[in-house]
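Chemist: Enclosed is the structure file data.cif (mmCIF, N, CA and C atoms).
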```cif
data_protein
#
loop_
_atom_site.label_atom_id
_atom_site.label_comp_id
_atom_site.auth_asym_id
_atom_site.auth_seq_id
_atom_site.Cartn_x
_atom_site.Cartn_y
_atom_site.Cartn_z
N MET A 1 45.62 42.66 17.86
CA MET A 1 45.74 41.59 16.90
C MET A 1 44.48 40.74 16.88
N ARG A 2 44.01 40.40 18.09
CA ARG A 2 42.79 39.58 18.16
C ARG A 2 41.61 40.31 17.55
N THR A 3 41.51 41.58 17.79
CA THR A 3 40.41 42.37 17.27
C THR A 3 40.47 42.41 15.74
N GLY A 4 41.66 42.52 15.20
CA GLY A 4 41.83 42.55 13.74
C GLY A 4 41.42 41.24 13.11
N VAL A 5 41.80 40.12 13.72
CA VAL A 5 41.43 38.79 13.21
C VAL A 5 39.92 38.60 13.31
N LEU A 6 39.37 39.00 14.45
CA LEU A 6 37.93 38.87 14.65
C LEU A 6 37.17 39.72 13.64
N ALA A 7 37.64 40.93 13.41
CA ALA A 7 37.00 41.81 12.43
C ALA A 7 37.11 41.21 11.03
N PHE A 8 38.25 40.62 10.72
CA PHE A 8 38.44 39.99 9.41
C PHE A 8 37.49 38.80 9.22
N VAL A 9 37.34 37.97 10.24
CA VAL A 9 36.44 36.80 10.17
C VAL A 9 35.00 37.26 10.03
N VAL A 10 34.60 38.26 10.81
CA VAL A 10 33.23 38.77 10.73
C VAL A 10 32.97 39.40 9.37
N ALA A 11 33.92 40.13 8.86
CA ALA A 11 33.75 40.75 7.54
C ALA A 11 33.67 39.69 6.45
N GLY A 12 34.49 38.67 6.57
CA GLY A 12 34.44 37.57 5.59
C GLY A 12 33.11 36.84 5.63
N ALA A 13 32.60 36.60 6.83
CA ALA A 13 31.31 35.93 6.97
C ALA A 13 30.20 36.79 6.38
N ALA A 14 30.26 38.09 6.62
CA ALA A 14 29.25 38.99 6.07
C ALA A 14 29.32 39.02 4.56
N LEU A 15 30.51 39.00 4.02
CA LEU A 15 30.69 39.00 2.57
C LEU A 15 30.16 37.72 1.95
N LEU A 16 30.45 36.59 2.58
CA LEU A 16 29.96 35.31 2.07
C LEU A 16 28.44 35.21 2.16
N SER A 17 27.86 35.73 3.21
CA SER A 17 26.41 35.65 3.34
C SER A 17 25.70 36.53 2.33
N ALA A 18 26.38 37.58 1.86
CA ALA A 18 25.79 38.48 0.88
C ALA A 18 25.89 37.92 -0.53
N CYS A 19 26.75 36.94 -0.74
CA CYS A 19 26.94 36.39 -2.08
C CYS A 19 25.78 35.48 -2.45
N ASP A 20 25.47 35.49 -3.73
CA ASP A 20 24.46 34.57 -4.28
C ASP A 20 25.23 33.41 -4.88
N PHE A 21 25.26 32.28 -4.17
CA PHE A 21 26.06 31.15 -4.62
C PHE A 21 25.52 30.53 -5.91
N GLU A 22 24.20 30.56 -6.07
CA GLU A 22 23.63 29.96 -7.27
C GLU A 22 23.92 30.84 -8.48
N GLY A 23 23.82 32.14 -8.31
CA GLY A 23 24.13 33.08 -9.38
C GLY A 23 23.47 32.68 -10.69
N GLY A 24 23.96 33.18 -11.77
CA GLY A 24 23.48 32.76 -13.07
C GLY A 24 22.24 33.48 -13.53
N ASP A 25 21.73 32.99 -14.61
CA ASP A 25 20.61 33.59 -15.31
C ASP A 25 19.29 33.31 -14.59
N PRO A 26 18.46 34.32 -14.35
CA PRO A 26 17.16 34.09 -13.71
C PRO A 26 16.26 33.18 -14.55
N VAL A 27 16.41 33.24 -15.86
CA VAL A 27 15.61 32.37 -16.73
C VAL A 27 15.97 30.90 -16.48
N GLN A 28 17.26 30.64 -16.29
CA GLN A 28 17.70 29.28 -16.00
C GLN A 28 17.12 28.80 -14.66
N HIS A 29 17.08 29.71 -13.68
CA HIS A 29 16.48 29.36 -12.39
C HIS A 29 15.00 29.03 -12.56
N ALA A 30 14.30 29.82 -13.35
CA ALA A 30 12.87 29.58 -13.58
C ALA A 30 12.65 28.26 -14.30
N LEU A 31 13.49 27.97 -15.29
CA LEU A 31 13.37 26.69 -16.00
C LEU A 31 13.65 25.50 -15.07
N ARG A 32 14.65 25.67 -14.21
CA ARG A 32 14.97 24.60 -13.26
C ARG A 32 13.82 24.38 -12.27
N ASP A 33 13.22 25.48 -11.79
CA ASP A 33 12.08 25.37 -10.87
C ASP A 33 10.88 24.71 -11.55
N ALA A 34 10.63 25.09 -12.81
CA ALA A 34 9.51 24.49 -13.54
C ALA A 34 9.75 23.00 -13.77
N SER A 35 10.98 22.65 -14.08
CA SER A 35 11.32 21.25 -14.28
C SER A 35 11.13 20.45 -12.99
N ALA A 36 11.54 21.04 -11.88
CA ALA A 36 11.37 20.37 -10.58
C ALA A 36 9.89 20.21 -10.25
N ALA A 37 9.08 21.19 -10.60
CA ALA A 37 7.63 21.09 -10.35
C ALA A 37 7.02 19.98 -11.20
N ARG A 38 7.44 19.89 -12.48
CA ARG A 38 6.93 18.82 -13.34
C ARG A 38 7.35 17.45 -12.83
N GLN A 39 8.58 17.34 -12.36
CA GLN A 39 9.07 16.08 -11.82
C GLN A 39 8.27 15.68 -10.58
N ALA A 40 7.99 16.65 -9.71
CA ALA A 40 7.21 16.37 -8.50
C ALA A 40 5.80 15.92 -8.86
N ALA A 41 5.19 16.55 -9.88
CA ALA A 41 3.85 16.16 -10.30
C ALA A 41 3.85 14.75 -10.89
N ALA A 42 4.87 14.43 -11.68
CA ALA A 42 4.97 13.09 -12.26
C ALA A 42 5.18 12.04 -11.18
N LEU A 43 5.98 12.37 -10.20
CA LEU A 43 6.22 11.45 -9.09
C LEU A 43 4.95 11.22 -8.30
N LYS A 44 4.17 12.28 -8.07
CA LYS A 44 2.92 12.15 -7.34
C LYS A 44 1.96 11.25 -8.10
N THR A 45 1.86 11.42 -9.42
CA THR A 45 0.99 10.58 -10.23
C THR A 45 1.44 9.13 -10.16
N THR A 46 2.74 8.88 -10.24
CA THR A 46 3.26 7.52 -10.15
C THR A 46 2.95 6.91 -8.80
N GLU A 47 3.09 7.68 -7.74
CA GLU A 47 2.79 7.17 -6.40
C GLU A 47 1.31 6.83 -6.27
N GLU A 48 0.44 7.64 -6.87
CA GLU A 48 -1.00 7.34 -6.81
C GLU A 48 -1.31 6.05 -7.56
N GLU A 49 -0.68 5.85 -8.71
CA GLU A 49 -0.89 4.61 -9.46
C GLU A 49 -0.39 3.40 -8.68
N GLU A 50 0.77 3.54 -8.07
CA GLU A 50 1.31 2.43 -7.29
C GLU A 50 0.47 2.15 -6.05
N ALA A 51 -0.13 3.19 -5.48
CA ALA A 51 -0.99 3.00 -4.31
C ALA A 51 -2.26 2.25 -4.71
N ALA A 52 -2.75 2.47 -5.91
CA ALA A 52 -3.96 1.78 -6.37
C ALA A 52 -3.67 0.33 -6.74
N ARG A 53 -2.47 0.07 -7.20
CA ARG A 53 -2.12 -1.27 -7.65
C ARG A 53 -2.18 -2.32 -6.54
N PRO A 54 -1.67 -2.08 -5.33
CA PRO A 54 -1.74 -3.12 -4.30
C PRO A 54 -3.17 -3.50 -3.95
N SER A 55 -4.11 -2.56 -4.01
CA SER A 55 -5.49 -2.92 -3.68
C SER A 55 -6.05 -3.87 -4.73
N ALA A 56 -5.66 -3.71 -6.00
CA ALA A 56 -6.11 -4.64 -7.03
C ALA A 56 -5.47 -6.00 -6.80
N GLN A 57 -4.19 -6.01 -6.43
CA GLN A 57 -3.53 -7.28 -6.14
C GLN A 57 -4.14 -7.93 -4.91
N ALA A 58 -4.49 -7.14 -3.92
CA ALA A 58 -5.13 -7.68 -2.72
C ALA A 58 -6.47 -8.30 -3.07
N GLY A 59 -7.20 -7.67 -3.97
CA GLY A 59 -8.49 -8.23 -4.40
C GLY A 59 -8.31 -9.56 -5.09
N ASP A 60 -7.28 -9.68 -5.93
CA ASP A 60 -7.00 -10.96 -6.60
C ASP A 60 -6.61 -12.03 -5.59
N GLU A 61 -5.75 -11.65 -4.65
CA GLU A 61 -5.34 -12.61 -3.61
C GLU A 61 -6.54 -13.04 -2.77
N LEU A 62 -7.41 -12.10 -2.46
CA LEU A 62 -8.60 -12.42 -1.67
C LEU A 62 -9.50 -13.37 -2.43
N ALA A 63 -9.66 -13.17 -3.73
CA ALA A 63 -10.49 -14.08 -4.54
C ALA A 63 -9.90 -15.48 -4.54
N ARG A 64 -8.57 -15.58 -4.65
CA ARG A 64 -7.93 -16.91 -4.61
C ARG A 64 -8.11 -17.56 -3.25
N LEU A 65 -8.00 -16.77 -2.19
CA LEU A 65 -8.17 -17.30 -0.84
C LEU A 65 -9.60 -17.79 -0.62
N ILE A 66 -10.56 -17.05 -1.13
CA ILE A 66 -11.97 -17.46 -1.01
C ILE A 66 -12.20 -18.76 -1.76
N ALA A 67 -11.65 -18.88 -2.97
CA ALA A 67 -11.81 -20.12 -3.74
C ALA A 67 -11.20 -21.31 -2.99
N ALA A 68 -10.03 -21.10 -2.40
CA ALA A 68 -9.39 -22.17 -1.64
C ALA A 68 -10.22 -22.53 -0.41
N ARG A 69 -10.78 -21.51 0.26
CA ARG A 69 -11.59 -21.76 1.46
C ARG A 69 -12.86 -22.53 1.07
N ARG A 70 -13.48 -22.17 -0.06
CA ARG A 70 -14.68 -22.90 -0.52
C ARG A 70 -14.34 -24.36 -0.81
N GLN A 71 -13.18 -24.58 -1.42
CA GLN A 71 -12.76 -25.96 -1.70
C GLN A 71 -12.55 -26.73 -0.40
N ALA A 72 -11.96 -26.08 0.60
CA ALA A 72 -11.74 -26.73 1.89
C ALA A 72 -13.08 -27.08 2.55
N VAL A 73 -14.05 -26.18 2.46
CA VAL A 73 -15.38 -26.45 3.02
C VAL A 73 -16.01 -27.63 2.30
N ALA A 74 -15.92 -27.66 0.98
CA ALA A 74 -16.49 -28.77 0.21
C ALA A 74 -15.80 -30.09 0.56
N ASP A 75 -14.48 -30.07 0.69
CA ASP A 75 -13.75 -31.29 1.05
C ASP A 75 -14.13 -31.77 2.44
N THR A 76 -14.28 -30.84 3.38
CA THR A 76 -14.66 -31.21 4.74
C THR A 76 -16.06 -31.81 4.76
N ARG A 77 -16.98 -31.23 4.00
CA ARG A 77 -18.34 -31.79 3.93
C ARG A 77 -18.32 -33.20 3.34
N ALA A 78 -17.53 -33.41 2.29
CA ALA A 78 -17.44 -34.73 1.67
C ALA A 78 -16.87 -35.75 2.66
N LEU A 79 -15.82 -35.37 3.38
CA LEU A 79 -15.23 -36.27 4.36
C LEU A 79 -16.20 -36.54 5.50
N LEU A 80 -16.92 -35.52 5.91
CA LEU A 80 -17.90 -35.67 6.98
C LEU A 80 -19.00 -36.64 6.56
N ALA A 81 -19.42 -36.57 5.32
CA ALA A 81 -20.47 -37.46 4.82
C ALA A 81 -19.99 -38.90 4.70
N SER A 82 -18.69 -39.08 4.46
CA SER A 82 -18.19 -40.44 4.22
C SER A 82 -17.65 -41.13 5.47
N THR A 83 -17.46 -40.43 6.56
CA THR A 83 -16.87 -41.05 7.75
C THR A 83 -17.95 -41.60 8.68
N THR A 84 -17.56 -42.65 9.40
CA THR A 84 -18.48 -43.25 10.39
C THR A 84 -17.94 -43.10 11.81
N ASP A 85 -16.73 -42.65 11.96
CA ASP A 85 -16.11 -42.48 13.27
C ASP A 85 -16.72 -41.27 13.98
N PRO A 86 -17.36 -41.48 15.15
CA PRO A 86 -18.02 -40.37 15.85
C PRO A 86 -17.04 -39.28 16.31
N ALA A 87 -15.86 -39.64 16.73
CA ALA A 87 -14.88 -38.64 17.18
C ALA A 87 -14.43 -37.77 15.99
N LEU A 88 -14.19 -38.43 14.88
CA LEU A 88 -13.78 -37.69 13.68
C LEU A 88 -14.92 -36.80 13.18
N LYS A 89 -16.16 -37.33 13.25
CA LYS A 89 -17.32 -36.52 12.84
C LYS A 89 -17.44 -35.26 13.70
N GLY A 90 -17.22 -35.40 15.00
CA GLY A 90 -17.29 -34.25 15.90
C GLY A 90 -16.20 -33.22 15.56
N GLN A 91 -15.00 -33.71 15.33
CA GLN A 91 -13.90 -32.81 14.96
C GLN A 91 -14.20 -32.12 13.63
N LEU A 92 -14.65 -32.88 12.64
CA LEU A 92 -14.93 -32.31 11.33
C LEU A 92 -16.09 -31.31 11.38
N THR A 93 -17.07 -31.58 12.22
CA THR A 93 -18.20 -30.65 12.35
C THR A 93 -17.72 -29.31 12.90
N GLY A 94 -16.87 -29.36 13.90
CA GLY A 94 -16.30 -28.12 14.45
C GLY A 94 -15.45 -27.39 13.43
N ASP A 95 -14.64 -28.15 12.71
CA ASP A 95 -13.79 -27.54 11.67
C ASP A 95 -14.64 -26.92 10.57
N LEU A 96 -15.73 -27.62 10.20
CA LEU A 96 -16.60 -27.13 9.13
C LEU A 96 -17.25 -25.80 9.54
N ARG A 97 -17.72 -25.73 10.78
CA ARG A 97 -18.33 -24.48 11.25
C ARG A 97 -17.32 -23.32 11.24
N ALA A 98 -16.11 -23.61 11.70
CA ALA A 98 -15.07 -22.58 11.72
C ALA A 98 -14.71 -22.14 10.30
N ASP A 99 -14.56 -23.11 9.39
CA ASP A 99 -14.23 -22.77 8.00
C ASP A 99 -15.35 -21.98 7.33
N GLU A 100 -16.59 -22.34 7.61
CA GLU A 100 -17.72 -21.60 7.03
C GLU A 100 -17.77 -20.17 7.58
N GLY A 101 -17.45 -20.02 8.85
CA GLY A 101 -17.40 -18.67 9.43
C GLY A 101 -16.31 -17.83 8.79
N ARG A 102 -15.14 -18.43 8.60
CA ARG A 102 -14.04 -17.70 7.94
C ARG A 102 -14.41 -17.36 6.50
N LEU A 103 -15.06 -18.29 5.82
CA LEU A 103 -15.48 -18.05 4.44
C LEU A 103 -16.47 -16.90 4.36
N ARG A 104 -17.43 -16.86 5.27
CA ARG A 104 -18.39 -15.74 5.28
C ARG A 104 -17.68 -14.42 5.54
N ALA A 105 -16.72 -14.43 6.44
CA ALA A 105 -15.97 -13.19 6.74
C ALA A 105 -15.18 -12.73 5.52
N LEU A 106 -14.55 -13.66 4.82
CA LEU A 106 -13.79 -13.30 3.62
C LEU A 106 -14.71 -12.77 2.52
N GLU A 107 -15.86 -13.41 2.35
CA GLU A 107 -16.82 -12.95 1.34
C GLU A 107 -17.36 -11.56 1.69
N ALA A 108 -17.56 -11.31 2.96
CA ALA A 108 -18.01 -9.98 3.38
C ALA A 108 -16.92 -8.94 3.10
N GLN A 109 -15.66 -9.30 3.34
CA GLN A 109 -14.55 -8.40 3.05
C GLN A 109 -14.47 -8.12 1.55
N GLN A 110 -14.67 -9.15 0.74
CA GLN A 110 -14.64 -8.98 -0.71
C GLN A 110 -15.78 -8.07 -1.17
N ALA A 111 -16.96 -8.25 -0.61
CA ALA A 111 -18.09 -7.40 -0.95
C ALA A 111 -17.83 -5.95 -0.55
N ALA A 112 -17.21 -5.75 0.61
CA ALA A 112 -16.89 -4.40 1.06
C ALA A 112 -15.87 -3.75 0.14
N MET A 113 -14.89 -4.51 -0.31
CA MET A 113 -13.89 -3.97 -1.24
C MET A 113 -14.54 -3.59 -2.57
N ALA A 114 -15.46 -4.42 -3.03
CA ALA A 114 -16.15 -4.13 -4.29
C ALA A 114 -17.01 -2.88 -4.14
N ARG A 115 -17.65 -2.74 -2.99
CA ARG A 115 -18.48 -1.56 -2.73
C ARG A 115 -17.63 -0.30 -2.69
N ASP A 116 -16.44 -0.39 -2.10
CA ASP A 116 -15.55 0.77 -2.00
C ASP A 116 -15.00 1.18 -3.35
N LYS A 117 -14.86 0.23 -4.29
CA LYS A 117 -14.34 0.55 -5.60
C LYS A 117 -15.40 1.19 -6.48
N THR A 118 -16.67 0.92 -6.20
CA THR A 118 -17.75 1.45 -7.02
C THR A 118 -17.83 2.96 -6.82
N PRO A 119 -17.80 3.74 -7.93
CA PRO A 119 -17.87 5.21 -7.77
C PRO A 119 -19.24 5.64 -7.24
N SER A 120 -19.21 6.60 -6.33
CA SER A 120 -20.46 7.12 -5.75
C SER A 120 -21.17 8.01 -6.76
N GLN A 121 -22.48 7.94 -6.75
CA GLN A 121 -23.26 8.75 -7.70
C GLN A 121 -24.12 9.72 -6.95
#
```
Would you mind writing the file's structure down as structure tokens?

Modeler:
Amino acid sequence: MRTGVLAFVVAGAALLSACDFEGGDPVQHALRDASAARQAAALKTTEEEEAARPSAQAGDELARLIAARRQAVADTRALLASTTDPALKGQLTGDLRADEGRLRALEAQQAAMARDKTPSQ
């Protein structure tokens, strides 16, 4: 009895493995494969466009940050010129040097981004 059941299960498994579950027209399979390939190509193009978009947004954000940093440097210089308190002058001088260093670093980053966007010839 056990052998008969085992043989039946094995035969059923062999029969199922031999079946083509998708079946149908080979032309339909080819059309479906072509459609899937077109969809994959369109998705890849969309991903490339989206990957390029954040760098443009980052460039805009960087430009705004640089403008704000320049304004902070100008404000610090104006305050430094108008104050007579030696302790405040010392603090402002240190802050001004740090802000100018950050501004130079941001401008260098912006220049590097612009250089990377320029097509090589």

Chemist: Quick one, how far is atom CA of A:Gly59 from atom N of A:Ala105?

Modeler: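 Separation between atom CA of A:Gly59 and atom N of A:Ala105: 15.0 Å.
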
Chemist: Tell me, in Å to one decimal, how far atom C of A:Arg102 is from atom N of A:Thr83.

Modeler: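 These two atoms are separated by 23.3 Å.
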
Chemist: For A:Arg69, which of A:Pro26, A:Ala36, A:Ala112, A:Asp99 is the closest residue, counting all atoms listed in the file?

Modeler: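 Checking each of A:Pro26, A:Ala36, A:Ala112, A:Asp99 against A:Arg69, counting all atoms listed in the file, the winner is A:Asp99.
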
Chemist: Mind telling me what the PyMOL selection byres (((chain A and resi 62 and name CA) around 12) and name CA) catches here, as a list of chain:residue names?

Modeler: A:Pro54, A:Ser55, A:Ala56, A:Gln57, A:Ala58, A:Gly59, A:Asp60, A:Glu61, A:Ala63, A:Arg64, A:Leu65, A:Ile66, A:Ala67, A:Ala68, A:Arg69, A:Leu103, A:Ala105, A:Leu106, A:Glu107, A:Ala108, A:Gln109, A:Gln110, A:Ala111, A:Ala112, A:Met113, A:Ala114

Chemist: Counting only N, CA and C atoms, figure out which residue out of A:Gly101, A:Leu92, A:Thr3, A:Glu48 gets nearest to A:Leu80.

Modeler: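 That would be A:Leu92, the residue with the smallest distance to A:Leu80.
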
Chemist: I'd like the interatomic distance between atom N of A:Thr76 and atom N of A:Arg104, to a tenth of an Å.

Modeler: 14.5 Å
